[in-house]
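Enquirer: mmCIF, C-alpha atoms and all ligand atoms, file entry02.cif:
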```cif
data_work
loop_
_atom_site.label_atom_id
_atom_site.label_comp_id
_atom_site.auth_asym_id
_atom_site.auth_seq_id
_atom_site.Cartn_x
_atom_site.Cartn_y
_atom_site.Cartn_z
CA MET A 1 -170.48 -76.77 -72.17
CA ASN A 2 -172.82 -73.80 -72.73
CA ASP A 3 -172.29 -72.78 -69.11
CA ILE A 4 -168.52 -72.55 -69.51
CA LEU A 5 -168.88 -70.56 -72.73
CA GLN A 6 -171.14 -68.09 -70.90
CA ASN A 7 -168.65 -68.07 -68.03
CA GLN A 8 -165.91 -67.27 -70.51
CA ILE A 9 -167.85 -64.24 -71.76
CA ALA A 10 -168.52 -63.15 -68.15
CA TYR A 11 -164.81 -63.50 -67.34
CA TYR A 12 -163.68 -61.24 -70.19
CA ARG A 13 -166.45 -58.72 -69.43
CA ALA A 14 -165.34 -58.50 -65.80
CA ARG A 15 -161.66 -58.45 -66.80
CA ALA A 16 -162.00 -55.73 -69.45
CA GLY A 17 -160.34 -52.95 -67.43
CA GLU A 18 -157.39 -55.11 -66.37
CA TYR A 19 -157.01 -57.20 -69.56
CA ASP A 20 -154.07 -55.25 -71.00
CA GLU A 21 -151.96 -55.98 -67.90
CA TRP A 22 -151.46 -59.47 -69.35
CA PHE A 23 -150.17 -58.25 -72.70
CA TYR A 24 -147.95 -55.51 -71.26
CA ARG A 25 -146.64 -57.77 -68.44
CA LEU A 26 -147.89 -55.64 -65.57
CA GLY A 27 -149.02 -56.50 -62.05
CA ARG A 28 -149.63 -60.26 -61.65
CA TYR A 29 -148.26 -60.85 -65.17
CA ASP A 30 -144.90 -59.21 -64.51
CA ARG A 31 -142.48 -62.14 -64.59
CA GLY A 32 -139.31 -60.13 -64.12
CA PRO A 33 -137.00 -58.41 -66.63
CA GLU A 34 -135.65 -61.51 -68.39
CA LEU A 35 -138.96 -63.23 -69.04
CA ASN A 36 -140.64 -59.93 -69.87
CA GLN A 37 -137.92 -59.20 -72.41
CA LEU A 38 -138.40 -62.64 -73.98
CA TRP A 39 -142.15 -61.98 -74.19
CA PHE A 40 -141.72 -58.58 -75.87
CA GLU A 41 -139.14 -59.94 -78.31
CA GLU A 42 -141.63 -62.59 -79.33
CA VAL A 43 -144.43 -60.01 -79.53
CA ALA A 44 -142.18 -58.05 -81.92
CA GLN A 45 -142.07 -61.10 -84.21
CA LEU A 46 -145.88 -61.19 -84.22
CA VAL A 47 -146.09 -57.48 -85.01
CA GLU A 48 -143.64 -57.92 -87.88
CA ALA A 49 -145.70 -60.77 -89.34
CA VAL A 50 -148.94 -58.74 -89.05
CA ARG A 51 -147.39 -55.63 -90.64
CA ALA A 52 -146.19 -57.79 -93.55
CA LEU A 53 -149.85 -58.46 -94.45
CA THR A 54 -150.27 -54.96 -95.88
CA PRO A 55 -152.14 -53.62 -97.84
CA ILE A 56 -155.64 -54.92 -97.18
CA GLN A 57 -159.05 -53.52 -98.03
CA ALA A 58 -161.53 -55.23 -95.73
CA THR A 59 -160.49 -56.95 -92.50
CA LEU A 60 -162.66 -58.88 -90.09
CA GLU A 61 -161.30 -59.22 -86.56
CA LEU A 62 -162.88 -61.93 -84.44
CA ALA A 63 -162.89 -61.57 -80.63
CA ALA A 64 -161.18 -58.21 -81.06
CA GLY A 65 -160.87 -57.52 -77.34
CA THR A 66 -159.47 -54.23 -76.06
CA GLY A 67 -157.87 -53.30 -79.39
CA ILE A 68 -154.24 -54.36 -78.93
CA TRP A 69 -154.31 -55.77 -82.48
CA THR A 70 -157.18 -53.67 -83.84
CA THR A 71 -154.89 -50.63 -83.97
CA GLU A 72 -152.34 -52.64 -85.98
CA LEU A 73 -155.04 -53.92 -88.34
CA ALA A 74 -156.51 -50.44 -88.79
CA ALA A 75 -153.07 -49.21 -89.87
CA ILE A 76 -152.84 -51.74 -92.73
CA SER A 77 -156.52 -52.01 -93.75
CA GLN A 78 -158.94 -49.64 -95.40
CA HIS A 79 -161.63 -50.87 -93.02
CA VAL A 80 -161.82 -53.21 -90.03
CA THR A 81 -164.95 -54.86 -88.68
CA ALA A 82 -164.31 -55.88 -85.08
CA LEU A 83 -166.53 -58.46 -83.36
CA ASP A 84 -166.61 -59.37 -79.68
CA ALA A 85 -169.21 -60.57 -77.17
CA SER A 86 -168.21 -58.07 -74.49
CA PRO A 87 -169.53 -54.49 -74.63
CA GLU A 88 -166.93 -53.52 -71.99
CA VAL A 89 -163.93 -54.57 -74.10
CA LEU A 90 -165.44 -53.06 -77.25
CA ALA A 91 -165.78 -49.70 -75.46
CA ILE A 92 -162.08 -49.81 -74.53
CA ASN A 93 -161.20 -50.88 -78.07
CA GLN A 94 -163.14 -47.96 -79.53
CA ARG A 95 -161.37 -45.47 -77.24
CA LYS A 96 -157.96 -46.87 -78.23
CA VAL A 97 -158.70 -46.89 -81.95
CA GLY A 98 -160.04 -43.32 -81.98
CA ASN A 99 -161.12 -42.15 -85.42
CA ARG A 100 -159.51 -44.95 -87.43
CA PRO A 101 -161.90 -46.78 -89.81
CA VAL A 102 -163.20 -49.55 -87.53
CA SER A 103 -166.80 -50.63 -87.02
CA TYR A 104 -167.91 -52.74 -84.09
CA ARG A 105 -170.45 -55.50 -83.59
CA MET A 106 -171.34 -57.27 -80.39
CA VAL A 107 -171.51 -60.91 -81.44
CA ASP A 108 -171.37 -64.31 -79.75
CA LEU A 109 -168.95 -66.16 -82.05
CA PHE A 110 -170.60 -69.48 -81.25
CA GLU A 111 -173.81 -68.14 -82.85
CA TRP A 112 -172.06 -66.17 -85.60
CA GLN A 113 -172.50 -66.80 -89.34
CA PRO A 114 -170.65 -64.49 -91.76
CA ASP A 115 -172.87 -62.27 -93.90
CA GLN A 116 -170.10 -61.03 -96.18
CA GLN A 117 -166.51 -61.89 -97.20
CA TYR A 118 -163.26 -60.18 -96.25
CA ASP A 119 -159.69 -59.99 -97.56
CA LEU A 120 -158.37 -60.81 -94.12
CA VAL A 121 -159.96 -62.65 -91.22
CA PHE A 122 -157.86 -62.14 -88.12
CA MET A 123 -158.07 -63.63 -84.63
CA SER A 124 -155.61 -63.39 -81.78
CA PHE A 125 -155.80 -65.44 -78.60
CA TRP A 126 -159.27 -66.64 -79.55
CA LEU A 127 -158.90 -70.08 -81.17
CA SER A 128 -157.61 -71.48 -77.87
CA HIS A 129 -160.97 -70.59 -76.28
CA VAL A 130 -162.96 -72.58 -78.85
CA PRO A 131 -163.87 -76.00 -77.40
CA PRO A 132 -162.55 -78.92 -79.50
CA GLU A 133 -166.02 -80.06 -80.59
CA ARG A 134 -166.77 -76.55 -81.90
CA PHE A 135 -163.50 -76.24 -83.86
CA ASP A 136 -164.82 -77.62 -87.18
CA PRO A 137 -168.06 -75.59 -87.38
CA PHE A 138 -166.24 -72.45 -86.22
CA ILE A 139 -163.44 -72.82 -88.79
CA ALA A 140 -166.01 -73.64 -91.49
CA ALA A 141 -167.68 -70.26 -90.72
CA VAL A 142 -164.26 -68.54 -90.84
CA ARG A 143 -163.59 -70.20 -94.21
CA ARG A 144 -166.88 -68.81 -95.55
CA ALA A 145 -165.91 -65.32 -94.35
CA VAL A 146 -162.71 -65.19 -96.48
CA ARG A 147 -162.67 -64.01 -100.07
CA PRO A 148 -161.25 -66.54 -102.56
CA HIS A 149 -157.88 -64.75 -102.64
CA GLY A 150 -158.07 -63.68 -99.02
CA ARG A 151 -156.21 -64.86 -95.94
CA VAL A 152 -156.82 -65.96 -92.40
CA PHE A 153 -154.29 -64.90 -89.79
CA MET A 154 -154.24 -66.35 -86.29
CA ILE A 155 -152.13 -65.77 -83.22
CA ASP A 156 -152.28 -67.79 -80.04
CA SER A 157 -150.39 -69.07 -77.02
CA LEU A 158 -147.93 -71.90 -76.65
CA PRO A 159 -148.21 -73.77 -73.34
CA GLU A 160 -145.59 -71.61 -71.63
CA TRP A 161 -146.49 -71.43 -67.94
CA THR A 162 -144.98 -67.97 -67.41
CA SER A 163 -147.41 -66.43 -69.95
CA THR A 164 -150.23 -66.41 -67.45
CA ALA A 165 -150.55 -64.64 -64.07
CA LYS A 166 -148.29 -65.56 -61.17
CA ASP A 167 -151.28 -66.69 -59.10
CA HIS A 168 -152.79 -68.95 -61.79
CA ALA A 169 -152.34 -72.70 -61.46
CA ALA A 170 -149.82 -74.23 -63.89
CA TYR A 171 -151.36 -75.57 -67.12
CA GLN A 172 -152.43 -79.20 -67.01
CA PRO A 173 -151.40 -80.44 -70.46
CA ASP A 174 -154.32 -82.87 -70.76
CA SER A 175 -157.09 -80.56 -69.56
CA ILE A 176 -158.87 -77.87 -71.54
CA TYR A 177 -160.44 -76.38 -68.40
CA HIS A 178 -158.55 -73.64 -66.61
CA THR A 179 -159.31 -71.47 -63.61
CA ARG A 180 -158.55 -67.78 -64.06
CA LYS A 181 -158.54 -65.08 -61.42
CA LEU A 182 -159.20 -61.38 -61.57
CA ASN A 183 -157.13 -58.90 -59.56
CA ASP A 184 -159.79 -59.00 -56.82
CA GLY A 185 -159.46 -62.80 -56.52
CA GLN A 186 -162.77 -63.68 -58.23
CA GLU A 187 -162.39 -66.97 -60.12
CA TYR A 188 -163.80 -68.13 -63.45
CA GLN A 189 -163.56 -71.39 -65.41
CA ILE A 190 -162.54 -71.02 -69.04
CA ILE A 191 -161.46 -73.20 -71.96
CA LYS A 192 -157.85 -73.02 -73.15
CA VAL A 193 -156.69 -75.41 -75.86
CA PHE A 194 -153.02 -75.57 -76.83
CA TYR A 195 -152.34 -76.64 -80.40
CA ASP A 196 -149.54 -78.66 -81.83
CA PRO A 197 -148.60 -76.78 -85.06
CA ASP A 198 -148.72 -79.91 -87.29
CA ASP A 199 -152.03 -81.03 -85.86
CA LEU A 200 -153.46 -77.52 -86.31
CA LYS A 201 -152.36 -77.52 -89.96
CA ARG A 202 -154.14 -80.85 -90.55
CA ARG A 203 -157.31 -79.66 -88.86
CA LEU A 204 -157.39 -76.42 -90.86
CA ALA A 205 -156.71 -78.32 -94.10
CA ALA A 206 -159.71 -80.56 -93.37
CA GLN A 207 -161.86 -77.37 -93.37
CA GLY A 208 -160.42 -76.09 -96.66
CA LEU A 209 -157.70 -73.80 -95.31
CA ALA A 210 -154.07 -74.35 -96.35
CA ALA A 211 -151.98 -73.00 -93.49
CA GLU A 212 -148.40 -72.36 -92.55
CA VAL A 213 -147.89 -72.37 -88.80
CA HIS A 214 -144.91 -70.70 -87.10
CA THR A 215 -143.82 -70.38 -83.51
CA THR A 216 -142.00 -67.38 -82.09
CA GLY A 217 -140.01 -69.49 -79.60
CA ARG A 218 -141.63 -70.07 -76.23
CA CYS A 219 -144.71 -67.89 -76.00
CA PHE A 220 -146.72 -67.79 -79.24
CA TRP A 221 -147.67 -69.45 -82.49
CA TRP A 222 -149.02 -67.65 -85.52
CA ALA A 223 -150.59 -69.05 -88.66
CA GLN A 224 -151.47 -67.74 -92.06
CA ALA A 225 -153.99 -69.69 -94.12
CA ARG A 226 -155.54 -69.42 -97.56
CA PRO A 227 -158.76 -70.97 -98.81
CA VAL A 228 -158.23 -73.94 -101.16
C1 LIG A 301 -158.11 -63.65 -74.89
S1 LIG A 301 -159.16 -62.34 -75.37
C2 LIG A 301 -158.44 -61.88 -76.91
C3 LIG A 301 -158.70 -60.45 -77.26
C4 LIG A 301 -157.87 -59.89 -78.41
N1 LIG A 301 -158.07 -60.64 -79.63
C5 LIG A 301 -156.39 -59.81 -78.05
O1 LIG A 301 -155.57 -60.42 -78.73
O2 LIG A 301 -156.07 -59.12 -77.09
C6 LIG A 301 -160.59 -63.19 -75.82
C7 LIG A 301 -161.74 -62.28 -76.29
O3 LIG A 301 -162.83 -63.12 -76.67
C8 LIG A 301 -164.04 -62.48 -76.29
N2 LIG A 301 -165.06 -63.54 -76.20
C9 LIG A 301 -165.19 -64.48 -75.25
N3 LIG A 301 -166.22 -65.30 -75.57
C10 LIG A 301 -166.74 -64.85 -76.73
C11 LIG A 301 -167.79 -65.27 -77.58
N4 LIG A 301 -168.53 -66.35 -77.30
N5 LIG A 301 -168.02 -64.58 -78.72
C12 LIG A 301 -167.27 -63.48 -79.04
N6 LIG A 301 -166.26 -63.04 -78.28
C13 LIG A 301 -166.00 -63.72 -77.15
C14 LIG A 301 -163.72 -61.81 -74.99
O4 LIG A 301 -164.63 -60.77 -74.69
C15 LIG A 301 -162.28 -61.34 -75.23
O5 LIG A 301 -162.26 -60.03 -75.71
#
```
As structure tokens, how would this structure be written, given the file I've shared?
Ligand SMILES: C[S@@+](CC[C@H](N)C(=O)[O-])C[C@H]1O[C@@H](n2cnc3c(N)ncnc32)[C@H](O)[C@@H]1O
Expert:
Amino acid sequence: MNDILQNQIAYYRARAGEYDEWFYRLGRYDRGPELNQLWFEEVAQLVEAVRALTPIQATLELAAGTGIWTTELAAISQHVTALDASPEVLAINQRKVGNRPVSYRMVDLFEWQPDQQYDLVFMSFWLSHVPPERFDPFIAAVRRAVRPHGRVFMIDSLPEWTSTAKDHAAYQPDSIYHTRKLNDGQEYQIIKVFYDPDDLKRRLAAQGLAAEVHTTGRCFWWAQARPV
């Protein structure tokens, strides 16, 4: 398991410069006008839900990536702390965010323990990369990172096959192992877990987080949770 988690870090490090093509439906992720439109309409629902979180003092963003959501969080928070294991994606994130109040830490989230509490703990497209046996300890750490009246906000993928690149194999519903390719054809094995919203709610509740889980239609789910 440790090998695949290291592989996952290596994949996102190597993919840093082409990562945003996925979110903006470019190149291998361009699925044509209709599916792209569906994707962006569903993204708009996510943006609306994130903007409704305002105002926030201290936000912690886990696996912040290239800053697609960091810029949104910086607009509604007094300060954002952004963690990621990849120096390459953090450099892109920093360029995108400019002089907004964001500080960065290079952290392996499977080693991470919170050293302070935040009003908002945010993660997008990260929970699906947490192996099932690491879910409970990871969420327990997230729970410890939230202030008593704070919130956790998560976004992730539904098992919609058109979300990924055209040259990726279709998702196997019963496997958490997926092969991903870079633009140059290099392949990496990663973990991708798809959650059933009711099951996710139960699993979060077992770790002391009361959650509401929504789907945007075909592409995404988002959840908001409070410590209980
Ligand atoms: C799917 S991307 C999500 C990025 C961003 N949250 C977004 O929505 O665009 C997953 C991120 O997790 C980071 N990552 C992978 N393994 C990690 C680990 N063990 N600890 C911390 N970050 C990790 C990658 O570098 C990558 O930026």
Enquirer: To check your reading of the model: which residues sit at most 8 Å from ligand LIG 301 (chain A) when counting only C-alpha atoms and all ligand atoms? Write the answer as a short mmCIF file (atom, residue, chain, number, x, y, z; two decimals) with C-alpha atoms, in the coordinates of the input.
Expert:
```cif
data_model
loop_
_atom_site.label_atom_id
_atom_site.label_comp_id
_atom_site.auth_asym_id
_atom_site.auth_seq_id
_atom_site.Cartn_x
_atom_site.Cartn_y
_atom_site.Cartn_z
CA LEU A 5 -168.88 -70.56 -72.73
CA GLN A 6 -171.14 -68.09 -70.90
CA GLN A 8 -165.91 -67.27 -70.51
CA ILE A 9 -167.85 -64.24 -71.76
CA ALA A 10 -168.52 -63.15 -68.15
CA TYR A 11 -164.81 -63.50 -67.34
CA TYR A 12 -163.68 -61.24 -70.19
CA ARG A 13 -166.45 -58.72 -69.43
CA ALA A 16 -162.00 -55.73 -69.45
CA TYR A 19 -157.01 -57.20 -69.56
CA ASP A 20 -154.07 -55.25 -71.00
CA PHE A 23 -150.17 -58.25 -72.70
CA GLU A 61 -161.30 -59.22 -86.56
CA LEU A 62 -162.88 -61.93 -84.44
CA ALA A 63 -162.89 -61.57 -80.63
CA ALA A 64 -161.18 -58.21 -81.06
CA GLY A 65 -160.87 -57.52 -77.34
CA THR A 66 -159.47 -54.23 -76.06
CA GLY A 67 -157.87 -53.30 -79.39
CA ILE A 68 -154.24 -54.36 -78.93
CA TRP A 69 -154.31 -55.77 -82.48
CA LEU A 83 -166.53 -58.46 -83.36
CA ASP A 84 -166.61 -59.37 -79.68
CA ALA A 85 -169.21 -60.57 -77.17
CA SER A 86 -168.21 -58.07 -74.49
CA PRO A 87 -169.53 -54.49 -74.63
CA VAL A 89 -163.93 -54.57 -74.10
CA LEU A 90 -165.44 -53.06 -77.25
CA MET A 106 -171.34 -57.27 -80.39
CA VAL A 107 -171.51 -60.91 -81.44
CA ASP A 108 -171.37 -64.31 -79.75
CA LEU A 109 -168.95 -66.16 -82.05
CA PHE A 110 -170.60 -69.48 -81.25
CA GLU A 111 -173.81 -68.14 -82.85
CA MET A 123 -158.07 -63.63 -84.63
CA SER A 124 -155.61 -63.39 -81.78
CA PHE A 125 -155.80 -65.44 -78.60
CA TRP A 126 -159.27 -66.64 -79.55
CA HIS A 129 -160.97 -70.59 -76.28
CA ILE A 155 -152.13 -65.77 -83.22
#
```
Enquirer: Smallest atom-to-atom distance to Leu127 in chain A: which of A:Ala49, A:Ala170, A:Ala205, A:Ser157, using all atoms listed in the file?
Expert: A:Ser157
Enquirer: Of the candidates A:Leu200, A:Arg143, A:Arg51, A:Lys166, which one gets nearest to Val228 in chain A if we count all atoms listed in the file?
Expert: A:Arg143
Enquirer: Using all atoms listed in the file, pick whichever of A:Thr59, A:Thr70, A:Asn2, A:Ser103 has the shortest atom-to-atom distance to Val47 in chain A.
Expert: A:Thr70
Enquirer: If you count only C-alpha atoms, which residues fall within 10 Å of Glu42 in chain A, apart from same-chain ones fewer than 5 positions away, as a tab-separated table (two decimals) with C-alpha atoms, keeping the file's coordinate frame?
Expert:
```tsv
chain	number	residue	atom	x	y	z
A	36	ASN	CA	-140.64	-59.93	-69.87
A	37	GLN	CA	-137.92	-59.20	-72.41
A	47	VAL	CA	-146.09	-57.48	-85.01
A	48	GLU	CA	-143.64	-57.92	-87.88
A	215	THR	CA	-143.82	-70.38	-83.51
A	216	THR	CA	-142.00	-67.38	-82.09
A	217	GLY	CA	-140.01	-69.49	-79.60
A	218	ARG	CA	-141.63	-70.07	-76.23
A	219	CYS	CA	-144.71	-67.89	-76.00
A	220	PHE	CA	-146.72	-67.79	-79.24
A	221	TRP	CA	-147.67	-69.45	-82.49
```
Enquirer: Looking at A:Tyr24, A:Tyr104, A:Phe153, A:Tyr188, which one is nearest to His214 in chain A, with distances taken over all atoms listed in the file?
Expert: A:Phe153
Enquirer: Near Ala58 in chain A, counting only C-alpha atoms, which residues have an atom at most 9 Å away, once you skip same-chain residues fewer than 6 positions from it, shown as a count of residues only?
Expert: 10
Enquirer: Of the candidates A:Val102, A:Ala225, A:Leu182, A:Val43, which shows the shortest atom-to-atom distance to His149 in chain A, using all atoms listed in the file?
Expert: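 Distance minimum relative to His149 in chain A lands on A:Ala225.
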Enquirer: Report, in Å with one decimal, the straight-line distance from CA of Ile56 in chain A to CA of Val146 in chain A.
Expert: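 Going from CA of Ile56 in chain A over to CA of Val146 in chain A covers 12.5 Å.
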Enquirer: Step by step, gather every atom of range 189-192 of chain A that the file lists, find the box along x, y and z that holds them, add 5 Å on each side, and finally give centre and edge lengths in Å to one decimal, as AutoDock Vina command-line options.
Expert:
```
--center_x -160.7 --center_y -72.1 --center_z -69.3 --size_x 15.7 --size_y 12.2 --size_z 17.7
```
Enquirer: So what do you get for CA of Leu60 in chain A versus CA of Thr164 in chain A, distance-wise?
Expert: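 Distance between the two atoms: 26.9 Å.
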Enquirer: Keeping just N, CA and C atoms, export range 123-136 of chain A of this structure as a CSV table (one decimal), in the first residue's frame.
Expert:
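Okay, part.csv is ready:
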```
chain,number,residue,atom,x,y,z
A,123,MET,N,-11.4,20.1,1.5
A,123,MET,CA,-10.6,19.2,0.6
A,123,MET,C,-11.4,18.9,-0.6
A,124,SER,N,-10.8,19.1,-1.8
A,124,SER,CA,-11.5,18.8,-3.0
A,124,SER,C,-10.7,17.7,-3.8
A,125,PHE,N,-11.4,16.7,-4.2
A,125,PHE,CA,-10.8,15.6,-5.0
A,125,PHE,C,-9.6,15.0,-4.3
A,126,TRP,N,-9.7,14.9,-3.0
A,126,TRP,CA,-8.7,14.2,-2.2
A,126,TRP,C,-9.2,13.0,-1.5
A,127,LEU,N,-10.4,13.0,-0.9
A,127,LEU,CA,-10.9,11.9,-0.1
A,127,LEU,C,-10.9,10.6,-0.9
A,128,SER,N,-11.2,10.7,-2.2
A,128,SER,CA,-11.2,9.6,-3.1
A,128,SER,C,-9.8,8.9,-3.2
A,129,HIS,N,-8.8,9.6,-2.9
A,129,HIS,CA,-7.4,9.1,-3.0
A,129,HIS,C,-6.9,8.5,-1.6
A,130,VAL,N,-7.8,8.5,-0.6
A,130,VAL,CA,-7.4,7.9,0.7
A,130,VAL,C,-7.9,6.5,0.7
A,131,PRO,N,-6.9,5.5,0.9
A,131,PRO,CA,-7.3,4.1,0.8
A,131,PRO,C,-8.4,3.8,1.9
A,132,PRO,N,-9.3,2.9,1.7
A,132,PRO,CA,-10.3,2.6,2.7
A,132,PRO,C,-9.8,2.4,4.1
A,133,GLU,N,-8.7,1.7,4.3
A,133,GLU,CA,-8.2,1.4,5.6
A,133,GLU,C,-7.6,2.6,6.3
A,134,ARG,N,-7.4,3.7,5.5
A,134,ARG,CA,-6.9,4.9,6.1
A,134,ARG,C,-8.0,5.9,6.4
A,135,PHE,N,-9.2,5.6,6.0
A,135,PHE,CA,-10.3,6.6,6.1
A,135,PHE,C,-10.5,7.0,7.5
A,136,ASP,N,-10.6,6.1,8.4
A,136,ASP,CA,-10.9,6.4,9.8
A,136,ASP,C,-9.8,7.3,10.5
```
